[in-house]
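Source file: start30.pdb; contents: PDB, C-alpha atoms and all ligand atoms.
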```pdb
ATOM      1  CA  MET A  29      43.163 -30.872  17.553
ATOM      2  CA  SER A  30      45.189 -31.183  20.775
ATOM      3  CA  GLU A  31      43.601 -31.233  24.207
ATOM      4  CA  THR A  32      44.744 -27.657  24.776
ATOM      5  CA  ASP A  33      42.930 -26.546  21.627
ATOM      6  CA  HIS A  34      39.760 -28.205  22.922
ATOM      7  CA  THR A  35      40.085 -26.497  26.268
ATOM      8  CA  LEU A  36      40.789 -23.156  24.609
ATOM      9  CA  ALA A  37      37.792 -23.509  22.289
ATOM     10  CA  ALA A  38      35.575 -24.339  25.260
ATOM     11  CA  ARG A  39      36.854 -21.312  27.162
ATOM     12  CA  ILE A  40      36.301 -18.987  24.197
ATOM     13  CA  ASP A  41      32.802 -20.398  23.826
ATOM     14  CA  ALA A  42      32.016 -19.837  27.502
ATOM     15  CA  TYR A  43      33.447 -16.305  27.518
ATOM     16  CA  CYS A  44      31.474 -15.395  24.392
ATOM     17  CA  ARG A  45      28.259 -16.686  25.965
ATOM     18  CA  GLY A  46      28.970 -14.805  29.172
ATOM     19  CA  LEU A  47      29.793 -11.591  27.344
ATOM     20  CA  LYS A  48      26.972 -12.080  24.816
ATOM     21  CA  LEU A  49      29.213 -12.066  21.742
ATOM     22  CA  PRO A  50      27.356 -14.323  19.293
ATOM     23  CA  GLY A  51      29.329 -13.065  16.295
ATOM     24  CA  VAL A  52      32.732 -13.846  17.785
ATOM     25  CA  ARG A  53      31.438 -17.138  19.163
ATOM     26  CA  ALA A  54      30.324 -18.307  15.715
ATOM     27  CA  ALA A  55      33.371 -17.073  13.803
ATOM     28  CA  ALA A  56      36.392 -17.250  16.149
ATOM     29  CA  ARG A  57      37.481 -20.739  15.068
ATOM     30  CA  ASP A  58      37.189 -20.190  11.294
ATOM     31  CA  LEU A  59      38.824 -16.774  11.525
ATOM     32  CA  ALA A  60      41.700 -18.295  13.541
ATOM     33  CA  ASP A  61      42.277 -20.945  10.855
ATOM     34  CA  LEU A  62      42.209 -18.238   8.213
ATOM     35  CA  ALA A  63      44.655 -16.081  10.198
ATOM     36  CA  LEU A  64      47.053 -19.022  10.583
ATOM     37  CA  ARG A  65      46.879 -19.905   6.909
ATOM     38  CA  HIS A  66      47.531 -16.334   5.771
ATOM     39  CA  GLN A  67      49.871 -15.407   8.631
ATOM     40  CA  HIS A  68      47.711 -12.513   9.822
ATOM     41  CA  SER A  69      48.918 -10.592  12.860
ATOM     42  CA  TYR A  70      47.232 -10.897  16.249
ATOM     43  CA  PRO A  71      45.668  -7.405  15.977
ATOM     44  CA  ALA A  72      44.348  -8.287  12.499
ATOM     45  CA  TYR A  73      42.712 -11.433  13.925
ATOM     46  CA  LEU A  74      41.177  -9.484  16.801
ATOM     47  CA  ALA A  75      39.877  -6.822  14.403
ATOM     48  CA  ALA A  76      38.316  -9.534  12.189
ATOM     49  CA  CYS A  77      36.565 -11.081  15.216
ATOM     50  CA  LEU A  78      35.206  -7.749  16.421
ATOM     51  CA  GLU A  79      34.110  -6.795  12.923
ATOM     52  CA  ARG A  80      32.100 -10.024  12.762
ATOM     53  CA  GLU A  81      30.475  -9.144  16.081
ATOM     54  CA  VAL A  82      29.486  -5.688  14.843
ATOM     55  CA  ASP A  83      28.046  -7.169  11.615
ATOM     56  CA  THR A  84      26.095  -9.812  13.528
ATOM     57  CA  ARG A  85      24.596  -7.241  15.867
ATOM     58  CA  ARG A  86      23.614  -4.980  12.977
ATOM     59  CA  GLU A  87      21.895  -7.890  11.209
ATOM     60  CA  ARG A  88      20.042  -8.959  14.359
ATOM     61  CA  ARG A  89      18.911  -5.423  15.113
ATOM     62  CA  LEU A  90      17.703  -4.972  11.541
ATOM     63  CA  ALA A  91      15.720  -8.234  11.728
ATOM     64  CA  HIS A  92      14.221  -7.120  15.051
ATOM     65  CA  TYR A  93      13.321  -3.629  13.813
ATOM     66  CA  LEU A  94      11.906  -5.129  10.628
ATOM     67  CA  ARG A  95       9.490  -7.232  12.702
ATOM     68  CA  LEU A  96       8.523  -4.207  14.808
ATOM     69  CA  ALA A  97       7.937  -2.098  11.674
ATOM     70  CA  ARG A  98       5.124  -4.424  10.440
ATOM     71  CA  LEU A  99       5.633  -3.515   6.797
ATOM     72  CA  PRO A 100       2.852  -5.229   4.805
ATOM     73  CA  ALA A 101       5.131  -5.935   1.829
ATOM     74  CA  HIS A 102       8.755  -5.759   0.732
ATOM     75  CA  LYS A 103       9.007  -2.953  -1.832
ATOM     76  CA  THR A 104      12.134  -1.329  -3.194
ATOM     77  CA  LEU A 105      12.889   1.636  -5.432
ATOM     78  CA  ASP A 106      14.813  -0.715  -7.757
ATOM     79  CA  ALA A 107      11.456  -2.307  -8.549
ATOM     80  CA  PHE A 108       9.745   1.046  -9.032
ATOM     81  CA  ASP A 109       9.093   2.297 -12.546
ATOM     82  CA  PHE A 110       9.574   6.060 -12.324
ATOM     83  CA  THR A 111       8.440   6.583 -15.916
ATOM     84  CA  ALA A 112       4.898   5.681 -14.819
ATOM     85  CA  VAL A 113       4.764   8.809 -12.614
ATOM     86  CA  PRO A 114       6.645  11.438 -14.650
ATOM     87  CA  HIS A 115       5.966  14.284 -12.188
ATOM     88  CA  LEU A 116       7.569  12.431  -9.296
ATOM     89  CA  PRO A 117      11.076  13.875  -8.752
ATOM     90  CA  LYS A 118      13.227  10.750  -8.955
ATOM     91  CA  ALA A 119      16.413  12.306  -7.520
ATOM     92  CA  GLN A 120      14.478  13.585  -4.502
ATOM     93  CA  VAL A 121      12.909  10.163  -3.870
ATOM     94  CA  LEU A 122      16.314   8.451  -4.137
ATOM     95  CA  ALA A 123      17.749  10.972  -1.662
ATOM     96  CA  LEU A 124      14.869  10.327   0.741
ATOM     97  CA  ALA A 125      15.697   6.607   0.684
ATOM     98  CA  THR A 126      18.999   7.371   2.441
ATOM     99  CA  ALA A 127      16.934   8.259   5.536
ATOM    100  CA  ALA A 128      18.666  11.601   6.089
ATOM    101  CA  PHE A 129      15.198  13.181   6.241
ATOM    102  CA  VAL A 130      14.374  10.979   9.248
ATOM    103  CA  ARG A 131      17.474  12.172  11.093
ATOM    104  CA  ARG A 132      16.414  15.753  10.345
ATOM    105  CA  GLN A 133      12.893  14.913  11.609
ATOM    106  CA  GLU A 134      11.296  15.995   8.361
ATOM    107  CA  ASN A 135       8.006  14.738   6.945
ATOM    108  CA  VAL A 136       7.024  13.210   3.628
ATOM    109  CA  ILE A 137       3.576  13.403   2.096
ATOM    110  CA  CYS A 138       2.792  11.126  -0.864
ATOM    111  CA  LEU A 139      -0.168  12.703  -2.600
ATOM    112  CA  GLY A 140      -2.156  11.281  -5.496
ATOM    113  CA  PRO A 141      -4.933   9.008  -6.725
ATOM    114  CA  PRO A 142      -5.163   5.266  -5.890
ATOM    115  CA  GLY A 143      -2.851   2.788  -7.583
ATOM    116  CA  THR A 144      -0.114   5.280  -8.478
ATOM    117  CA  GLY A 145       2.572   3.784  -6.206
ATOM    118  CA  LYS A 146       2.301   5.894  -3.035
ATOM    119  CA  THR A 147       2.395   2.924  -0.673
ATOM    120  CA  HIS A 148       5.141   1.300  -2.753
ATOM    121  CA  VAL A 149       7.405   4.363  -2.364
ATOM    122  CA  ALA A 150       6.439   4.742   1.311
ATOM    123  CA  LEU A 151       7.485   1.133   1.959
ATOM    124  CA  ALA A 152      10.754   1.598   0.074
ATOM    125  CA  LEU A 153      11.583   4.711   2.124
ATOM    126  CA  ALA A 154      10.669   2.806   5.292
ATOM    127  CA  LEU A 155      13.107   0.075   4.293
ATOM    128  CA  GLY A 156      15.803   2.693   3.691
ATOM    129  CA  ALA A 157      15.325   4.045   7.210
ATOM    130  CA  LEU A 158      15.463   0.524   8.678
ATOM    131  CA  GLN A 159      18.681  -0.205   6.804
ATOM    132  CA  ALA A 160      20.106   3.010   8.266
ATOM    133  CA  GLY A 161      19.495   1.507  11.720
ATOM    134  CA  LEU A 162      16.397   3.560  12.538
ATOM    135  CA  ARG A 163      13.111   2.481  14.112
ATOM    136  CA  VAL A 164      10.105   2.485  11.811
ATOM    137  CA  ARG A 165       6.424   1.634  12.221
ATOM    138  CA  PHE A 166       3.869   1.293   9.417
ATOM    139  CA  ILE A 167       0.172   1.686  10.201
ATOM    140  CA  LEU A 168      -3.020   2.349   8.246
ATOM    141  CA  ALA A 169      -4.682   5.671   9.084
ATOM    142  CA  VAL A 170      -7.957   3.891   9.989
ATOM    143  CA  THR A 171      -6.162   1.468  12.311
ATOM    144  CA  LEU A 172      -4.287   4.290  13.988
ATOM    145  CA  ALA A 173      -7.518   6.247  14.465
ATOM    146  CA  GLN A 174      -9.184   3.143  15.987
ATOM    147  CA  GLU A 175      -6.264   2.523  18.336
ATOM    148  CA  LEU A 176      -6.265   6.169  19.415
ATOM    149  CA  LEU A 177     -10.019   6.046  20.108
ATOM    150  CA  LEU A 178      -9.692   2.861  22.120
ATOM    151  CA  ALA A 179      -6.798   4.296  24.127
ATOM    152  CA  GLN A 180      -8.895   7.370  24.872
ATOM    153  CA  GLN A 181     -11.901   5.310  25.954
ATOM    154  CA  GLU A 182      -9.640   3.331  28.278
ATOM    155  CA  TYR A 183      -8.047   6.481  29.746
ATOM    156  CA  ARG A 184      -4.572   5.598  28.487
ATOM    157  CA  LEU A 185      -4.213   8.030  25.593
ATOM    158  CA  PRO A 186      -1.112   9.825  26.997
ATOM    159  CA  ARG A 187       0.635   6.480  27.512
ATOM    160  CA  TYR A 188      -0.369   5.315  24.028
ATOM    161  CA  LEU A 189       0.947   8.527  22.466
ATOM    162  CA  ARG A 190       4.201   8.192  24.430
ATOM    163  CA  SER A 191       4.684   4.653  23.128
ATOM    164  CA  TRP A 192       5.219   6.151  19.655
ATOM    165  CA  GLN A 193       8.014   8.453  20.743
ATOM    166  CA  ALA A 194      10.665   5.745  20.378
ATOM    167  CA  ILE A 195       9.815   5.369  16.686
ATOM    168  CA  ASP A 196      11.983   7.458  14.359
ATOM    169  CA  LEU A 197       9.704   7.191  11.329
ATOM    170  CA  VAL A 198       5.950   6.570  11.445
ATOM    171  CA  VAL A 199       4.321   5.698   8.117
ATOM    172  CA  VAL A 200       0.592   6.477   8.145
ATOM    173  CA  ASP A 201      -0.932   4.935   5.044
ATOM    174  CA  GLU A 202      -4.152   5.834   3.231
ATOM    175  CA  LEU A 203      -5.236   8.978   4.957
ATOM    176  CA  GLY A 204      -8.641  10.021   3.724
ATOM    177  CA  TYR A 205      -9.888   6.963   1.896
ATOM    178  CA  LEU A 206     -12.401   6.469   4.704
ATOM    179  CA  GLY A 207     -13.952   8.972   7.069
ATOM    180  CA  LEU A 208     -12.424   8.605  10.526
ATOM    181  CA  GLY A 209     -15.336  10.059  12.544
ATOM    182  CA  PRO A 210     -14.350  10.858  16.144
ATOM    183  CA  GLY A 211     -10.902   9.360  15.399
ATOM    184  CA  GLY A 212     -10.181  12.377  13.137
ATOM    185  CA  PRO A 213      -9.402  14.874  15.916
ATOM    186  CA  LEU A 214      -7.310  12.219  17.706
ATOM    187  CA  LEU A 215      -5.297  11.598  14.565
ATOM    188  CA  PHE A 216      -4.847  15.348  14.414
ATOM    189  CA  GLN A 217      -3.437  15.264  17.947
ATOM    190  CA  PHE A 218      -1.133  12.376  17.009
ATOM    191  CA  CYS A 219       0.278  14.236  13.990
ATOM    192  CA  SER A 220       0.682  17.476  15.954
ATOM    193  CA  GLU A 221       2.573  15.722  18.739
ATOM    194  CA  ARG A 222       5.051  14.267  16.293
ATOM    195  CA  TYR A 223       5.894  17.688  14.966
ATOM    196  CA  GLU A 224       9.671  18.154  15.306
ATOM    197  CA  ARG A 225       9.907  15.070  17.558
ATOM    198  CA  GLY A 226      10.112  12.498  14.813
ATOM    199  CA  SER A 227       9.344  11.913  11.164
ATOM    200  CA  LEU A 228       5.967  11.251   9.697
ATOM    201  CA  LEU A 229       5.316   9.817   6.247
ATOM    202  CA  LEU A 230       1.725  10.143   5.097
ATOM    203  CA  THR A 231       0.130   8.706   1.985
ATOM    204  CA  THR A 232      -3.163  10.227   0.893
ATOM    205  CA  ASN A 233      -5.472  10.645  -2.066
ATOM    206  CA  LEU A 234      -6.864  13.865  -0.604
ATOM    207  CA  GLU A 235      -5.765  17.280  -1.797
ATOM    208  CA  PHE A 236      -4.792  19.483   1.151
ATOM    209  CA  GLY A 237      -7.996  21.499   0.623
ATOM    210  CA  ARG A 238     -10.038  18.418   1.563
ATOM    211  CA  TRP A 239      -8.182  17.444   4.751
ATOM    212  CA  THR A 240     -10.888  19.128   6.842
ATOM    213  CA  GLU A 241     -13.089  16.186   5.835
ATOM    214  CA  VAL A 242     -10.721  13.913   7.768
ATOM    215  CA  PHE A 243      -9.937  16.054  10.779
ATOM    216  CA  GLY A 244     -13.306  17.746  11.107
ATOM    217  CA  ASP A 245     -12.227  21.223  12.122
ATOM    218  CA  VAL A 246     -11.162  23.910   9.626
ATOM    219  CA  THR A 247      -8.892  25.836  12.014
ATOM    220  CA  LEU A 248      -7.259  22.693  13.433
ATOM    221  CA  THR A 249      -6.632  21.342   9.951
ATOM    222  CA  ALA A 250      -5.088  24.589   8.760
ATOM    223  CA  ALA A 251      -2.767  24.558  11.792
ATOM    224  CA  LEU A 252      -1.782  20.930  11.188
ATOM    225  CA  LEU A 253      -1.090  21.482   7.496
ATOM    226  CA  ASP A 254       1.009  24.470   8.405
ATOM    227  CA  ARG A 255       3.087  22.378  10.813
ATOM    228  CA  LEU A 256       3.341  19.287   8.610
ATOM    229  CA  THR A 257       4.242  21.073   5.423
ATOM    230  CA  HIS A 258       6.757  23.317   7.197
ATOM    231  CA  HIS A 259       9.296  20.463   7.186
ATOM    232  CA  ALA A 260       7.757  18.358   4.453
ATOM    233  CA  HIS A 261       8.678  16.820   1.138
ATOM    234  CA  VAL A 262       5.435  16.699  -0.821
ATOM    235  CA  LEU A 263       5.674  14.032  -3.509
ATOM    236  CA  PRO A 264       3.180  14.292  -6.363
ATOM    237  CA  PHE A 265       1.844  10.988  -7.704
ATOM    238  CA  GLN A 266      -0.154  11.633 -10.829
ATOM    239  CA  GLY A 267      -1.283   9.454 -13.650
ATOM    240  CA  SER A 268      -3.377   6.377 -14.126
ATOM    241  CA  SER A 269      -3.400   3.419 -11.780
ATOM    242  CA  TYR A 270      -0.336   1.205 -12.234
ATOM    243  CA  ARG A 271      -2.437  -1.864 -11.355
ATOM    244  CA  VAL A 272      -4.935  -1.102 -14.103
ATOM    245  CA  ARG A 273      -2.224  -0.102 -16.571
ATOM    246  CA  SER A 274      -0.112  -3.181 -16.014
ATOM    247  CA  ARG A 275      -3.150  -5.391 -16.639
ATOM    248  CA  GLN A 276      -3.829  -3.752 -20.001
ATOM    249  CA  PRO A 277      -1.893  -4.833 -23.085
ATOM    250  CA  ALA A 278       0.674  -2.285 -24.277
ATOM    251  CA  ARG A 279      -0.953   0.385 -26.426
ATOM    252  CA  GLN A 280       0.118   0.366 -30.029
ATOM    253  CA  GLU A 281       1.947   3.513 -31.106
ATOM    254  CA  GLY A 282       1.145   4.748 -34.611
ATOM    255  CA  PRO A 283      -0.631   2.712 -37.311
ATOM    256  CA  LEU A 284      -0.840  -1.053 -36.962
ATOM    257  CA  PRO A 285       1.741  -2.954 -39.019
ATOM    258  CA  PRO A 286       0.262  -4.956 -41.869
ATOM    259  CA  THR A 287      -0.604  -8.482 -40.737
ATOM    260  CA  SER A 288       1.500 -11.090 -42.400
ATOM    261  CA  ALA A 289      -0.373 -13.805 -44.273
ATOM    262  CA  PRO A 290      -0.596 -17.136 -42.423
TER     263      PRO A 290
HETATM  264  P1  LIG B 301      -1.237   3.499  -4.027
HETATM  265  O1  LIG B 301      -0.679   3.353  -2.654
HETATM  266  O2  LIG B 301      -0.902   4.795  -4.677
HETATM  267  O3  LIG B 301      -2.701   3.193  -4.088
HETATM  268  P2  LIG B 301       0.376   1.160  -4.537
HETATM  269  O4  LIG B 301       1.709   1.609  -4.087
HETATM  270  O5  LIG B 301      -0.377   0.282  -3.591
HETATM  271  O6  LIG B 301      -0.530   2.395  -4.952
HETATM  272  O7  LIG B 301       0.536   0.429  -5.943
HETATM  273  C1  LIG B 301      -0.333  -0.607  -6.370
HETATM  274  C2  LIG B 301       0.501  -1.766  -6.911
HETATM  275  O8  LIG B 301       1.156  -1.381  -8.095
HETATM  276  C3  LIG B 301       1.568  -2.213  -5.948
HETATM  277  O9  LIG B 301       1.743  -3.609  -6.071
HETATM  278  C4  LIG B 301       2.805  -1.478  -6.430
HETATM  279  O10 LIG B 301       3.993  -2.209  -6.129
HETATM  280  C5  LIG B 301       2.567  -1.397  -7.923
HETATM  281  N1  LIG B 301       3.084  -0.153  -8.497
HETATM  282  C6  LIG B 301       2.470   1.056  -8.499
HETATM  283  N2  LIG B 301       3.190   1.970  -9.150
HETATM  284  C7  LIG B 301       4.296   1.349  -9.569
HETATM  285  C8  LIG B 301       5.450   1.763 -10.330
HETATM  286  N3  LIG B 301       5.581   3.018 -10.796
HETATM  287  N4  LIG B 301       6.409   0.839 -10.582
HETATM  288  C9  LIG B 301       6.286  -0.436 -10.134
HETATM  289  N5  LIG B 301       5.217  -0.901  -9.428
HETATM  290  C10 LIG B 301       4.229  -0.017  -9.154
HETATM  291 MG    MG B 302      -1.730   2.842  -0.953
END
```

Rewrite the structure of this file - the entire thing - as structure tokens.
Ligand code: ADP
Ligand code: MG
Amino acid sequence: MSETDHTLAARIDAYCRGLKLPGVRAAARDLADLALRHQHSYPAYLAACLEREVDTRRERRLAHYLRLARLPAHKTLDAFDFTAVPHLPKAQVLALATAAFVRRQENVICLGPPGTGKTHVALALALGALQAGLRVRFILAVTLAQELLLAQQEYRLPRYLRSWQAIDLVVVDELGYLGLGPGGPLLFQFCSERYERGSLLLTTNLEFGRWTEVFGDVTLTAALLDRLTHHAHVLPFQGSSYRVRSRQPARQEGPLPPTSAP
């Protein structure tokens, strides 16, 4: 490499640092060699550099949003066995994974008994939204209720509620497994405030008729259900627990085949 090349490389490096272009900074040299070898035009080289920058930024933002989302596990729909929950509309779930519902500020409610894959699907949809460049946050209903209570006790409930406004999709997991006590009405307020401001994905084992047990007040609960289900995709999870099922040996269909002699 001639002295001029060294000087040029140093200048490119400095400009990229100054302009905060990590993608171009990392790739400019290799892309230049490639362009020379294949006789690409100057505009083609510039386009390749900028494309790399865009890709790098998208990857960094995704990694950042993924940390903020605090997903407890990496779950995908590829790894989900739809035959285990025959009433779950597969096409609808696949469509939800494209995150269009988040852009439309619609809600999803995963309803069914424990172990049927509600959290799995919720996490997969959360991942879909993240991959679409949206902000997601996963939280257990009990944790959210505790945080709301604490914020109220410390006179910072409005600020706490506002802090959620930047999130495009909030996943509230396991509503109703435990009584929330005084946190119930606060969770009600949280859900009401999100109405048409952002998406909410709830997983619950409680039929709608029993939601009063969580929120405490019959009228409030009816109003919330009305709002939530107005723009909601209600996904039915029925069947036996996948955890229990997958631990059991496969059931034999029909009569047992005759055992062969040793
Ligand atoms: P729920 O939230 O309904 O209690 P989970 O989503 O936590 O159930 O599922 C329990 C475990 O079983 C998880 O590890 C999940 O990945 C797995 N699981 C549940 N249903 C399925 C399914 N249909 N296909 C693949 N894995 C499943
Ligand atoms: Mg769950």

Report task. Please measure the separation of atom CA of A:Leu229 and atom CA of A:Ala107, giving the value in Å to one decimal. Result ->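 It comes out at 20.1 Å.
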
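If all atoms listed in the file are the atoms counted, then among A:Cys77, A:Ala128, A:Leu248, A:Leu168 the closest residue to A:Ala55 is A:Cys77.
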
Residues picked by the PyMOL selection byres (((chain A and resi 81) around 7) and not hetatm) here, as an MDAnalysis selection string? chainID A and resid 49:52 77:80 82:85

In Å and to one decimal, atom CA of A:Asp41 is distant from atom CA of A:Ala56 by 9.0 Å

What separates atom N3 of ligand LIG 301 (chain B) and atom CA of A:Ala101 is a distance of 15.5 Å

In file coordinates, which residues lie within 9 Å of (-9.7, 26.2, 5.0) using all atoms listed in the file, given as a list in words?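 Protein and nucleic acid residues near the point are Gly237, Arg238, Trp239, Thr240, Val246, Thr247, Thr249 and Ala250 of chain A.
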
- Using all atoms listed in the file, pick whichever of A:Ala160, A:Val136, A:Leu228, A:Ala152 has the shortest atom-to-atom distance to A:Asp106.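 Ranking A:Ala160, A:Val136, A:Leu228, A:Ala152 by distance to A:Asp106, first place goes to A:Ala152.
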
Between A:Leu253, A:Val200, A:Ala91, A:Ala173, smallest distance to ligand MG 302 (chain B) by only C-alpha atoms and all ligand atoms belongs to A:Val200

List the residues matched by the PyMOL selection byres (((not hetatm)) within 9 of (chain B and resi 302)) in the displayed structure as an MDAnalysis selection string, ordered by chain and then by residue number. chainID A and resid 142:148 150 201:202 231:233

Take the residues from that selection and write them out as a PDB file, keeping the file's coordinate frame, keeping C-alpha atoms.
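Listing of out_36.pdb after writing:
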```
ATOM      1  CA  PRO A 142      -5.163   5.266  -5.890  1.00  0.00           C
ATOM      2  CA  GLY A 143      -2.851   2.788  -7.583  1.00  0.00           C
ATOM      3  CA  THR A 144      -0.114   5.280  -8.478  1.00  0.00           C
ATOM      4  CA  GLY A 145       2.572   3.784  -6.206  1.00  0.00           C
ATOM      5  CA  LYS A 146       2.301   5.894  -3.035  1.00  0.00           C
ATOM      6  CA  THR A 147       2.395   2.924  -0.673  1.00  0.00           C
ATOM      7  CA  HIS A 148       5.141   1.300  -2.753  1.00  0.00           C
ATOM      8  CA  ALA A 150       6.439   4.742   1.311  1.00  0.00           C
ATOM      9  CA  ASP A 201      -0.932   4.935   5.044  1.00  0.00           C
ATOM     10  CA  GLU A 202      -4.152   5.834   3.231  1.00  0.00           C
ATOM     11  CA  THR A 231       0.130   8.706   1.985  1.00  0.00           C
ATOM     12  CA  THR A 232      -3.163  10.227   0.893  1.00  0.00           C
ATOM     13  CA  ASN A 233      -5.472  10.645  -2.066  1.00  0.00           C
TER      14      ASN A 233
END
```

Report as a PyMOL selection string the residues that result from applying the PyMOL selection byres (((chain A and resi 118) around 12) and not hetatm) to the structure here. chain A and resi 105-106+108-117+119-125+149+263-265

Item checked: Which residue of A:Ser227, A:Ser69, A:Thr104, A:Gln174 approaches ligand LIG 301 (chain B) most closely, using all atoms listed in the file ->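 Distance minimum relative to ligand LIG 301 (chain B) lands on A:Thr104.
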
Counting all atoms listed in the file, the residue among A:His102, A:His259, A:Arg165, A:Arg45 that lies closest to ligand LIG 301 (chain B) is A:His102

Ligand LIG 301 (chain B) proximity check over A:Ser269, A:Ala54, A:Glu241, A:Ser191, using all atoms listed in the file: winner is A:Ser269
